[in-house]
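Have a look at start25.txt; it's compact mmCIF, C-alpha atoms:
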# COMPACT_ATOMS: atom_id res chain seq x y z
CA MET A 705 -79.97 14.96 -49.80
CA THR A 706 -83.27 14.75 -47.96
CA SER A 707 -85.82 17.53 -47.75
CA GLY A 708 -85.07 17.70 -44.03
CA ASP A 709 -81.45 18.56 -44.78
CA ALA A 710 -82.54 21.39 -47.07
CA GLN A 711 -84.96 22.78 -44.48
CA GLN A 712 -82.52 22.67 -41.57
CA PRO A 713 -80.93 26.13 -42.09
CA GLN A 714 -84.31 27.82 -42.58
CA GLN A 715 -85.64 26.29 -39.37
CA ALA A 716 -82.73 27.89 -37.53
CA TRP A 717 -83.44 31.20 -39.27
CA ARG A 718 -87.11 31.09 -38.23
CA TYR A 719 -86.28 30.22 -34.63
CA CYS A 720 -83.70 32.99 -34.33
CA GLY A 721 -86.00 35.48 -36.05
CA SER A 722 -88.82 34.66 -33.67
CA GLN A 723 -86.47 35.17 -30.71
CA ILE A 724 -85.47 38.60 -32.01
CA LYS A 725 -89.15 39.51 -32.36
CA LEU A 726 -90.00 38.24 -28.84
CA TRP A 727 -87.12 40.16 -27.24
CA ARG A 728 -87.98 43.27 -29.27
CA GLU A 729 -91.67 43.24 -28.33
CA GLU A 730 -90.93 42.55 -24.66
CA ALA A 731 -88.53 45.50 -24.59
CA GLY A 732 -91.07 47.76 -26.32
CA VAL A 733 -88.83 48.31 -29.34
CA SER A 734 -90.55 48.77 -32.68
CA ARG A 735 -89.36 47.05 -35.81
CA GLN A 736 -88.70 50.48 -37.32
CA GLU A 737 -86.45 51.39 -34.39
CA LEU A 738 -84.50 48.16 -34.77
CA ALA A 739 -84.16 48.71 -38.50
CA LYS A 740 -82.80 52.22 -37.94
CA GLU A 741 -80.31 51.00 -35.30
CA ALA A 742 -79.05 48.23 -37.61
CA SER A 743 -79.03 50.52 -40.69
CA TYR A 744 -81.44 48.22 -42.53
CA ASP A 745 -84.80 49.00 -44.07
CA TYR A 746 -88.01 47.86 -42.40
CA GLU A 747 -88.82 45.08 -44.88
CA TYR A 748 -85.32 43.60 -44.62
CA VAL A 749 -85.66 43.30 -40.83
CA LYS A 750 -89.15 41.86 -41.24
CA SER A 751 -87.77 39.18 -43.59
CA MET A 752 -85.16 38.18 -41.01
CA GLU A 753 -87.67 38.10 -38.16
CA CYS A 754 -89.98 35.92 -40.26
CA GLY A 755 -87.16 33.51 -41.16
CA ARG A 756 -87.15 34.29 -44.88
CA ARG A 757 -83.59 35.62 -44.60
CA ARG A 758 -80.73 34.60 -42.34
CA PRO A 759 -80.49 37.03 -39.39
CA THR A 760 -77.17 38.82 -39.73
CA LEU A 761 -74.63 39.49 -36.99
CA LYS A 762 -75.29 43.20 -37.47
CA LEU A 763 -78.99 42.76 -36.71
CA LEU A 764 -78.30 40.47 -33.75
CA GLN A 765 -75.91 43.01 -32.26
CA ALA A 766 -78.38 45.86 -32.71
CA ALA A 767 -81.25 43.84 -31.25
CA ASP A 768 -79.11 42.62 -28.36
CA GLN A 769 -78.16 46.17 -27.41
CA LEU A 770 -81.62 47.73 -27.86
CA CYS A 771 -83.42 44.93 -26.03
CA GLY A 772 -80.92 44.44 -23.22
CA ALA A 773 -80.42 40.76 -24.07
CA ARG A 774 -76.88 40.79 -22.61
CA GLY A 775 -75.36 38.60 -25.30
CA LYS A 776 -78.18 36.08 -25.56
CA LEU A 777 -79.15 37.14 -29.09
CA VAL A 778 -75.59 37.59 -30.34
CA ALA A 779 -74.82 34.06 -29.13
CA ALA A 780 -77.14 32.72 -31.82
CA HIS A 781 -74.77 33.89 -34.55
CA GLU A 782 -72.50 30.86 -34.21
CA HIS A 783 -75.44 28.63 -35.11
CA LEU A 784 -76.39 30.74 -38.12
CA ARG A 785 -73.09 30.79 -39.95
CA PRO A 786 -73.78 30.63 -43.69
CA GLU A 787 -73.18 27.35 -45.46
CA ARG A 788 -70.07 27.21 -47.62
CA PHE A 789 -71.99 25.42 -50.33
CA LEU A 790 -75.52 25.58 -51.63
CA SER A 791 -77.62 23.08 -49.68
CA TYR A 792 -78.42 21.01 -52.77
CA ALA A 793 -74.69 20.66 -53.58
CA ASN A 794 -73.63 19.22 -50.23
CA ASP A 795 -73.95 15.58 -51.32
CA TYR A 796 -71.95 16.28 -54.46
CA VAL A 797 -69.16 18.00 -52.50
CA ARG A 798 -68.87 14.95 -50.23
CA TYR A 799 -68.55 12.60 -53.20
CA GLU A 800 -66.17 14.96 -54.97
CA ALA A 801 -63.82 14.84 -51.99
CA GLU A 802 -63.52 11.04 -52.28
CA ALA A 803 -63.86 10.35 -56.01
CA ILE A 804 -60.84 8.91 -57.83
CA VAL A 805 -61.87 10.15 -61.30
CA LEU A 806 -63.75 13.37 -62.02
CA SER A 807 -64.72 14.51 -65.52
CA PHE A 808 -66.15 18.00 -65.87
CA TYR A 809 -67.96 19.52 -68.81
CA GLN A 810 -68.62 23.23 -68.38
CA PRO A 811 -69.78 25.38 -71.30
CA LEU A 812 -70.76 28.42 -69.23
CA LEU A 813 -68.20 29.04 -66.47
CA ILE A 814 -64.63 28.34 -65.46
CA PRO A 815 -64.96 25.15 -63.34
CA GLY A 816 -64.76 25.89 -59.63
CA LEU A 817 -61.63 23.78 -59.06
CA LEU A 818 -59.77 25.95 -61.59
CA GLN A 819 -60.95 29.43 -60.63
CA THR A 820 -58.59 32.06 -59.29
CA GLU A 821 -59.80 33.93 -56.22
CA GLU A 822 -60.51 36.93 -58.45
CA THR A 823 -62.77 34.83 -60.65
CA VAL A 824 -64.48 33.24 -57.64
CA ARG A 825 -65.29 36.69 -56.28
CA ALA A 826 -66.44 37.99 -59.67
CA TYR A 827 -68.87 35.08 -60.09
CA LEU A 828 -70.18 35.33 -56.53
CA ASN A 829 -70.50 39.12 -56.70
CA ALA A 830 -72.73 38.63 -59.75
CA HIS A 831 -75.06 36.33 -57.80
CA PHE A 832 -78.68 37.43 -57.74
CA PRO A 833 -80.30 38.05 -55.37
CA PRO A 834 -77.05 39.50 -53.96
CA LEU A 835 -75.32 37.53 -51.23
CA ASP A 836 -74.64 39.17 -47.90
CA ASP A 837 -70.96 39.78 -47.14
CA GLU A 838 -70.62 36.94 -44.65
CA THR A 839 -72.15 34.36 -46.98
CA LEU A 840 -69.99 35.57 -49.86
CA GLU A 841 -66.80 35.17 -47.82
CA GLU A 842 -67.79 31.67 -46.67
CA ARG A 843 -68.50 30.66 -50.27
CA VAL A 844 -65.13 32.03 -51.41
CA VAL A 845 -63.29 30.04 -48.74
CA GLY A 846 -65.29 26.90 -49.51
CA ARG A 847 -64.55 27.04 -53.23
CA LEU A 848 -60.85 27.76 -52.79
CA ASP A 849 -60.47 24.99 -50.20
CA ARG A 850 -61.87 22.46 -52.68
CA GLN A 851 -59.03 23.20 -55.08
CA SER A 852 -56.53 21.31 -52.93
CA LEU A 853 -58.08 18.15 -54.42
CA LEU A 854 -56.04 18.76 -57.58
CA ASP A 855 -52.84 18.25 -55.57
CA GLN A 856 -53.73 14.60 -54.96
CA ARG A 857 -51.79 13.15 -57.89
CA THR A 858 -53.35 9.68 -57.67
CA ARG A 859 -56.72 11.13 -58.64
CA ALA A 860 -57.56 12.00 -62.25
CA PHE A 861 -59.29 15.20 -63.34
CA SER A 862 -60.58 15.97 -66.82
CA PHE A 863 -62.03 19.35 -67.79
CA VAL A 864 -63.75 20.31 -71.04
CA ILE A 865 -64.41 24.06 -71.12
CA GLY A 866 -66.36 25.98 -73.74
CA GLU A 867 -64.20 28.36 -75.77
CA THR A 868 -66.72 31.16 -75.22
CA VAL A 869 -66.03 30.88 -71.48
CA LEU A 870 -62.35 31.61 -72.08
CA ARG A 871 -63.16 34.59 -74.27
CA ASN A 872 -65.69 35.99 -71.79
CA ARG A 873 -63.54 38.37 -69.77
CA ILE A 874 -64.59 38.42 -66.13
CA GLY A 875 -63.29 41.60 -64.53
CA PRO A 876 -60.18 43.53 -65.64
CA ALA A 877 -57.95 42.22 -68.44
CA GLN A 878 -55.10 41.46 -66.02
CA ALA A 879 -57.40 39.39 -63.81
CA HIS A 880 -58.62 37.41 -66.81
CA ARG A 881 -55.03 36.86 -67.96
CA ARG A 882 -54.20 35.47 -64.52
CA GLN A 883 -57.19 33.14 -64.82
CA LEU A 884 -56.00 31.85 -68.19
CA HIS A 885 -52.50 31.33 -66.79
CA ARG A 886 -54.05 29.42 -63.90
CA LEU A 887 -55.62 27.03 -66.43
CA LEU A 888 -52.25 26.53 -68.13
CA GLU A 889 -50.54 25.89 -64.80
CA ALA A 890 -53.17 23.37 -63.67
CA GLY A 891 -53.06 21.57 -67.00
CA ARG A 892 -49.35 20.83 -66.64
CA ALA A 893 -50.01 18.41 -63.75
CA ARG A 894 -49.89 14.77 -64.79
CA ASN A 895 -53.32 14.07 -63.29
CA VAL A 896 -55.14 17.02 -64.90
CA THR A 897 -56.36 17.28 -68.50
CA ILE A 898 -57.86 20.49 -69.84
CA GLN A 899 -59.54 20.65 -73.25
CA VAL A 900 -61.32 23.50 -75.02
CA LEU A 901 -64.51 22.96 -76.98
CA SER A 902 -65.48 25.28 -79.82
CA PHE A 903 -69.22 25.43 -80.45
CA GLU A 904 -70.28 24.71 -83.99
CA GLY A 905 -73.57 23.16 -85.04
CA ALA A 906 -75.74 20.96 -82.84
CA GLY A 907 -74.61 18.21 -80.50
CA PRO A 908 -74.72 16.91 -76.90
CA GLU A 909 -72.59 19.85 -75.80
CA LEU A 910 -75.74 21.99 -76.00
CA ASP A 911 -77.51 19.95 -73.30
CA GLY A 912 -75.70 21.68 -70.44
CA PRO A 913 -72.91 21.10 -67.90
CA PHE A 914 -72.29 17.99 -65.82
CA VAL A 915 -69.70 16.16 -63.75
CA LEU A 916 -69.01 12.43 -64.06
CA LEU A 917 -67.55 10.83 -60.92
CA GLU A 918 -66.05 7.44 -60.20
CA THR A 919 -65.74 6.44 -56.56
CA ALA A 920 -63.02 4.28 -54.98
CA GLU A 921 -65.55 1.42 -55.16
CA HIS A 922 -65.88 2.10 -58.92
CA GLU A 923 -69.42 3.36 -58.64
CA ALA A 924 -70.27 5.87 -61.37
CA LEU A 925 -72.33 8.97 -60.60
CA VAL A 926 -73.39 12.13 -62.39
CA TYR A 927 -73.95 15.57 -60.96
CA GLU A 928 -75.98 18.16 -62.86
CA GLU A 929 -76.64 21.67 -61.59
CA GLY A 930 -79.13 24.24 -62.83
CA GLN A 931 -80.35 27.69 -61.86
CA ALA A 932 -81.82 26.70 -58.51
CA THR A 933 -81.24 23.00 -57.99
CA GLY A 934 -78.72 20.20 -58.35
CA ARG A 935 -79.08 16.46 -58.96
CA LEU A 936 -76.63 13.73 -58.01
CA TYR A 937 -77.62 10.30 -59.32
CA SER A 938 -76.19 6.82 -59.88
CA ASP A 939 -78.94 5.17 -61.96
CA PRO A 940 -76.91 3.09 -64.48
CA GLU A 941 -79.04 3.94 -67.49
CA ARG A 942 -78.93 7.69 -66.86
CA VAL A 943 -75.21 7.62 -66.03
CA SER A 944 -74.56 5.68 -69.25
CA THR A 945 -76.41 8.33 -71.26
CA VAL A 946 -74.25 11.12 -69.84
CA ALA A 947 -71.09 9.05 -70.28
CA GLN A 948 -71.93 8.61 -73.98
CA ARG A 949 -72.51 12.33 -74.33
CA HIS A 950 -69.21 13.01 -72.61
CA ALA A 951 -67.39 10.69 -75.03
CA MET A 952 -68.83 12.60 -77.99
CA ILE A 953 -67.88 15.94 -76.42
CA LEU A 954 -64.30 14.73 -75.90
CA ARG A 955 -64.07 13.76 -79.56
CA LYS A 956 -65.17 17.25 -80.63
CA ALA A 957 -62.88 19.10 -78.20
CA LEU A 958 -59.37 20.26 -79.04
CA SER A 959 -56.52 18.05 -77.81
CA PRO A 960 -54.86 19.11 -74.55
CA ASP A 961 -51.83 20.49 -76.44
CA LYS A 962 -53.95 22.47 -78.92
CA SER A 963 -56.13 23.67 -76.05
CA ALA A 964 -53.06 24.94 -74.19
CA ARG A 965 -51.87 26.80 -77.27
CA LEU A 966 -55.27 28.45 -77.69
CA ILE A 967 -55.34 29.49 -74.03
CA GLU A 968 -51.82 30.95 -74.41
CA GLU A 969 -52.91 32.93 -77.47
CA LEU A 970 -55.94 34.29 -75.64
CA ALA A 971 -53.78 35.31 -72.68
CA GLU A 972 -51.24 37.03 -74.91
CA GLY A 973 -54.01 38.96 -76.63
CA LEU A 974 -55.12 40.66 -73.43
Output the file's structure in the form of structure tokens.
Amino acid sequence: MTSGDAQQPQQAWRYCGSQIKLWREEAGVSRQELAKEASYDYEYVKSMECGRRRPTLKLLQAADQLCGARGKLVAAHEHLRPERFLSYANDYVRYEAEAIVLSFYQPLLIPGLLQTEETVRAYLNAHFPPLDDETLEERVVGRLDRQSLLDQRTRAFSFVIGETVLRNRIGPAQAHRRQLHRLLEAGRARNVTIQVLSFEGAGPELDGPFVLLETAEHEALVYEEGQATGRLYSDPERVSTVAQRHAMILRKALSPDKSARLIEELAEGL
């Protein structure tokens, strides 16, 4: 991903925000008046006019009506639709859609391809700063749409999930039980392997999550994601290092059968 790709959405935000401000000032409407009409506070509207936040449909509608723009401001909404994925993850999502082998190690969360909609929403609702409603819905749809990849039986998926993740109840007990059952259901497919890793002592499992990918051309890549950034790389030496770590993690994880039994026990205990 280039820096230009990352800046593209914010450029659109700044342009739209400046248009709102120009229309507002020409119509003699104060920022405070616009904020009151849109039911936002002053600083929130200022952030959208300055391009620091994505102008919402609600603000565009209020500005359009107050400024007599006759649909010209509302028309911008189609070009401001929130991205389904974080900008730094776009390259990974493209490779994920084509990879023939994907190996996930996730010690902190249920992997996205295995999340129920309830879990998706619980994770996204916990996002901070909070997502606006439109962005949240786009992210939910994007994550659930990716899960159809598991139905492609000629592609192999391996998941190693930290045991603490399975014990960390997200939402009501019934919702967590449904999530555990979802893992059991997915693990029955011939192209999906799910293993649970119990944390004990020190090892490469403490170095954080990653995804190993193999493309149809047999190129190996690694994707790592942190708090505010993601890295997709194919450097052979770095990929080899992660592959070695993954091999050690697999050796320490429970077998698929034992993992399934543990997940069943956890579900029955709810």
(request) For Leu974 of chain A, list every protein, DNA or RNA residue within 6 Å, evaluated using only C-alpha atoms, and leave out those in the same chain fewer than 2 positions away; present the list as a PyMOL selection string. (result) chain A and resi 877+971-972
Using all atoms listed in the file, which protein or nucleic acid residues come within 7 Å of segment 803-815 of chain A? Drop anything in the same chain fewer than 2 positions from it, and give the result as a PDB file with C-alpha atoms, in the coordinates of the input.
ATOM      1  CA  TYR A 799     -68.550  12.600 -53.200  1.00  0.00           C
ATOM      2  CA  GLU A 800     -66.170  14.960 -54.970  1.00  0.00           C
ATOM      3  CA  ALA A 801     -63.820  14.840 -51.990  1.00  0.00           C
ATOM      4  CA  LEU A 817     -61.630  23.780 -59.060  1.00  0.00           C
ATOM      5  CA  LEU A 818     -59.770  25.950 -61.590  1.00  0.00           C
ATOM      6  CA  GLN A 819     -60.950  29.430 -60.630  1.00  0.00           C
ATOM      7  CA  ARG A 859     -56.720  11.130 -58.640  1.00  0.00           C
ATOM      8  CA  ALA A 860     -57.560  12.000 -62.250  1.00  0.00           C
ATOM      9  CA  PHE A 861     -59.290  15.200 -63.340  1.00  0.00           C
ATOM     10  CA  SER A 862     -60.580  15.970 -66.820  1.00  0.00           C
ATOM     11  CA  PHE A 863     -62.030  19.350 -67.790  1.00  0.00           C
ATOM     12  CA  VAL A 864     -63.750  20.310 -71.040  1.00  0.00           C
ATOM     13  CA  ILE A 865     -64.410  24.060 -71.120  1.00  0.00           C
ATOM     14  CA  GLY A 866     -66.360  25.980 -73.740  1.00  0.00           C
ATOM     15  CA  VAL A 869     -66.030  30.880 -71.480  1.00  0.00           C
ATOM     16  CA  PRO A 913     -72.910  21.100 -67.900  1.00  0.00           C
ATOM     17  CA  PHE A 914     -72.290  17.990 -65.820  1.00  0.00           C
ATOM     18  CA  VAL A 915     -69.700  16.160 -63.750  1.00  0.00           C
ATOM     19  CA  LEU A 916     -69.010  12.430 -64.060  1.00  0.00           C
ATOM     20  CA  LEU A 917     -67.550  10.830 -60.920  1.00  0.00           C
ATOM     21  CA  GLU A 918     -66.050   7.440 -60.200  1.00  0.00           C
ATOM     22  CA  THR A 919     -65.740   6.440 -56.560  1.00  0.00           C
ATOM     23  CA  ALA A 920     -63.020   4.280 -54.980  1.00  0.00           C
TER      24      ALA A 920
END
(request) Can you work out which one of A:Arg942, A:His831, A:Arg718, A:Arg892 has the shortest atom-to-atom distance to Ala924 of chain A, counting all atoms listed in the file? (result) A:Arg942
(message) Just to confirm, what's the straight-line distance from atom CA of Arg965 of chain A to atom CA of Ala890 of chain A in Å (one decimal)?
(response)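 Here the two named atoms are 14.1 Å from each other.
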(request) Could you give me, as a ChimeraX atom specification, the residues within 6 Å of segment 785-794 of chain A, counting all atoms listed in the file and dropping anything in the same chain fewer than 6 positions from it? (result) /A:710,839,842-843,846,934
Draw an axis-aligned box tight on the listed atoms of segment 854-859 of chain A, then pad every side by 4 Å and write out centre and edge lengths in Å to one decimal as JSON.
{"center_x": -54.3, "center_y": 14.2, "center_z": -56.8, "size_x": 12.9, "size_y": 17.1, "size_z": 11.7}
(request) Find the spatial neighbours of Glu968 of chain A, counting all atoms listed in the file, within a cut-off of 9 Å - ignore same-chain residues fewer than 5 positions away - and output them as a list of chain:residue names. (result)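 Everything that qualifies: A:Leu884, A:His885, A:Leu888, A:Ser963, A:Gly973.
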(request) Record the distance separating atom CA of Val749 of chain A and atom CA of Leu764 of chain A, expressed in Å with one decimal. (result)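 Here the two named atoms are 10.6 Å from each other.
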(request) Figure out the distance between atom CA of Glu909 of chain A and atom CA of Glu929 of chain A, please, to one decimal in Å. (result) 14.9 Å
(request) Determine the nearest neighbour of Asp795 of chain A from the options A:Leu901, A:Ala767, A:Val733, A:Leu925, counting all atoms listed in the file. (result) A:Leu925
(request) Write out as a VMD selection string each polymer residue whose atoms come within 12 Å of Leu738 of chain A, counting all atoms listed in the file; drop sequence neighbours fewer than 6 positions from it. (result) chain A and resid 724 to 725 727 to 729 731 to 732 744 to 750 752 to 753 762 to 771
(request) Select, from A:Glu941, A:Glu904, A:Glu921, A:Asp911, the residue with the minimum atom-to-atom distance to Glu867 of chain A, counting all atoms listed in the file. (result)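 Under the stated criterion, the closest residue is A:Glu904.
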(message) Nearest residue to Arg756 of chain A out of A:Glu737, A:Glu782, A:Ser722, A:Val926, using only C-alpha atoms?
(response)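 Among the listed residues, the smallest separation from Arg756 of chain A belongs to A:Ser722.
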(message) My list of candidates is A:Ile898, A:Val844, A:Leu835, A:Ala879. Which is closest to Ala957 of chain A when distances are computed with all atoms listed in the file?
(response)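 Of A:Ile898, A:Val844, A:Leu835, A:Ala879, the one nearest Ala957 of chain A is A:Ile898, counting all atoms listed in the file.
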(message) Calculated over all atoms listed in the file, which of the candidates A:Thr945, A:Asn872, A:Ser743, A:Thr760 has the smallest distance to Thr823 of chain A?
(response)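 Closest candidate: A:Asn872.
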Could you write segment 774-800 of chain A as an mmCIF file, keeping the file's coordinate frame, with N, CA, C and O atoms rebuilt where they are missing?
data_model
loop_
_atom_site.group_PDB
_atom_site.id
_atom_site.type_symbol
_atom_site.label_atom_id
_atom_site.label_comp_id
_atom_site.auth_asym_id
_atom_site.auth_seq_id
_atom_site.Cartn_x
_atom_site.Cartn_y
_atom_site.Cartn_z
ATOM 1 N N ARG A 774 -78.175 41.134 -23.255
ATOM 2 C CA ARG A 774 -76.880 40.790 -22.610
ATOM 3 C C ARG A 774 -76.195 39.588 -23.263
ATOM 4 O O ARG A 774 -75.782 38.657 -22.606
ATOM 5 N N GLY A 775 -76.119 39.619 -24.571
ATOM 6 C CA GLY A 775 -75.360 38.600 -25.300
ATOM 7 C C GLY A 775 -76.158 37.391 -25.728
ATOM 8 O O GLY A 775 -75.659 36.563 -26.489
ATOM 9 N N LYS A 776 -77.392 37.281 -25.246
ATOM 10 C CA LYS A 776 -78.180 36.080 -25.560
ATOM 11 C C LYS A 776 -78.552 36.012 -27.043
ATOM 12 O O LYS A 776 -78.620 34.916 -27.608
ATOM 13 N N LEU A 777 -78.820 37.159 -27.670
ATOM 14 C CA LEU A 777 -79.150 37.140 -29.090
ATOM 15 C C LEU A 777 -77.898 37.010 -29.955
ATOM 16 O O LEU A 777 -77.895 36.272 -30.940
ATOM 17 N N VAL A 778 -76.838 37.685 -29.577
ATOM 18 C CA VAL A 778 -75.590 37.590 -30.340
ATOM 19 C C VAL A 778 -75.058 36.163 -30.329
ATOM 20 O O VAL A 778 -74.464 35.702 -31.317
ATOM 21 N N ALA A 779 -75.309 35.440 -29.231
ATOM 22 C CA ALA A 779 -74.820 34.060 -29.130
ATOM 23 C C ALA A 779 -75.386 33.159 -30.210
ATOM 24 O O ALA A 779 -74.800 32.130 -30.550
ATOM 25 N N ALA A 780 -76.518 33.543 -30.779
ATOM 26 C CA ALA A 780 -77.140 32.720 -31.820
ATOM 27 C C ALA A 780 -76.338 32.730 -33.119
ATOM 28 O O ALA A 780 -76.492 31.845 -33.957
ATOM 29 N N HIS A 781 -75.483 33.728 -33.273
ATOM 30 C CA HIS A 781 -74.770 33.890 -34.550
ATOM 31 C C HIS A 781 -73.958 32.662 -34.919
ATOM 32 O O HIS A 781 -73.884 32.277 -36.088
ATOM 33 N N GLU A 782 -73.347 32.022 -33.936
ATOM 34 C CA GLU A 782 -72.500 30.860 -34.210
ATOM 35 C C GLU A 782 -73.301 29.724 -34.846
ATOM 36 O O GLU A 782 -72.749 28.916 -35.589
ATOM 37 N N HIS A 783 -74.593 29.682 -34.566
ATOM 38 C CA HIS A 783 -75.440 28.630 -35.110
ATOM 39 C C HIS A 783 -76.086 29.032 -36.435
ATOM 40 O O HIS A 783 -76.843 28.262 -37.015
ATOM 41 N N LEU A 784 -75.789 30.237 -36.882
ATOM 42 C CA LEU A 784 -76.390 30.740 -38.120
ATOM 43 C C LEU A 784 -75.349 31.015 -39.192
ATOM 44 O O LEU A 784 -75.641 31.671 -40.176
ATOM 45 N N ARG A 785 -74.138 30.528 -38.974
ATOM 46 C CA ARG A 785 -73.090 30.790 -39.950
ATOM 47 C C ARG A 785 -73.546 30.273 -41.315
ATOM 48 O O ARG A 785 -74.092 29.165 -41.423
ATOM 49 N N PRO A 786 -73.322 31.051 -42.359
ATOM 50 C CA PRO A 786 -73.780 30.630 -43.690
ATOM 51 C C PRO A 786 -73.073 29.375 -44.149
ATOM 52 O O PRO A 786 -71.913 29.128 -43.815
ATOM 53 N N GLU A 787 -73.771 28.566 -44.927
ATOM 54 C CA GLU A 787 -73.180 27.350 -45.460
ATOM 55 C C GLU A 787 -72.171 27.706 -46.547
ATOM 56 O O GLU A 787 -72.377 28.632 -47.328
ATOM 57 N N ARG A 788 -71.086 26.953 -46.597
ATOM 58 C CA ARG A 788 -70.070 27.210 -47.620
ATOM 59 C C ARG A 788 -70.545 26.811 -49.004
ATOM 60 O O ARG A 788 -70.049 27.326 -50.008
ATOM 61 N N PHE A 789 -71.501 25.899 -49.038
ATOM 62 C CA PHE A 789 -71.990 25.420 -50.330
ATOM 63 C C PHE A 789 -73.510 25.486 -50.330
ATOM 64 O O PHE A 789 -74.150 25.419 -49.286
ATOM 65 N N LEU A 790 -74.070 25.630 -51.506
ATOM 66 C CA LEU A 790 -75.520 25.580 -51.630
ATOM 67 C C LEU A 790 -76.018 24.250 -51.072
ATOM 68 O O LEU A 790 -75.381 23.211 -51.261
ATOM 69 N N SER A 791 -77.143 24.277 -50.388
ATOM 70 C CA SER A 791 -77.620 23.080 -49.680
ATOM 71 C C SER A 791 -77.760 21.884 -50.620
ATOM 72 O O SER A 791 -77.437 20.750 -50.262
ATOM 73 N N TYR A 792 -78.215 22.133 -51.855
ATOM 74 C CA TYR A 792 -78.420 21.010 -52.770
ATOM 75 C C TYR A 792 -77.119 20.443 -53.327
ATOM 76 O O TYR A 792 -77.110 19.401 -53.963
ATOM 77 N N ALA A 793 -75.979 21.144 -53.081
ATOM 78 C CA ALA A 793 -74.690 20.660 -53.580
ATOM 79 C C ALA A 793 -73.898 19.895 -52.529
ATOM 80 O O ALA A 793 -72.830 19.365 -52.830
ATOM 81 N N ASN A 794 -74.404 19.827 -51.308
ATOM 82 C CA ASN A 794 -73.630 19.220 -50.230
ATOM 83 C C ASN A 794 -73.273 17.756 -50.498
ATOM 84 O O ASN A 794 -72.153 17.316 -50.238
ATOM 85 N N ASP A 795 -74.231 16.987 -51.016
ATOM 86 C CA ASP A 795 -73.950 15.580 -51.320
ATOM 87 C C ASP A 795 -72.858 15.473 -52.380
ATOM 88 O O ASP A 795 -71.959 14.639 -52.284
ATOM 89 N N TYR A 796 -72.965 16.313 -53.407
ATOM 90 C CA TYR A 796 -71.950 16.280 -54.460
ATOM 91 C C TYR A 796 -70.566 16.596 -53.891
ATOM 92 O O TYR A 796 -69.589 15.902 -54.210
ATOM 93 N N VAL A 797 -70.463 17.597 -53.056
ATOM 94 C CA VAL A 797 -69.160 18.000 -52.500
ATOM 95 C C VAL A 797 -68.550 16.850 -51.701
ATOM 96 O O VAL A 797 -67.333 16.620 -51.757
ATOM 97 N N ARG A 798 -69.384 16.098 -50.991
ATOM 98 C CA ARG A 798 -68.870 14.950 -50.230
ATOM 99 C C ARG A 798 -68.323 13.879 -51.166
ATOM 100 O O ARG A 798 -67.256 13.304 -50.917
ATOM 101 N N TYR A 799 -69.039 13.599 -52.236
ATOM 102 C CA TYR A 799 -68.550 12.600 -53.200
ATOM 103 C C TYR A 799 -67.329 13.107 -53.947
ATOM 104 O O TYR A 799 -66.401 12.343 -54.236
ATOM 105 N N GLU A 800 -67.306 14.377 -54.270
ATOM 106 C CA GLU A 800 -66.170 14.960 -54.970
ATOM 107 C C GLU A 800 -64.885 14.781 -54.159
ATOM 108 O O GLU A 800 -63.816 14.505 -54.721
#
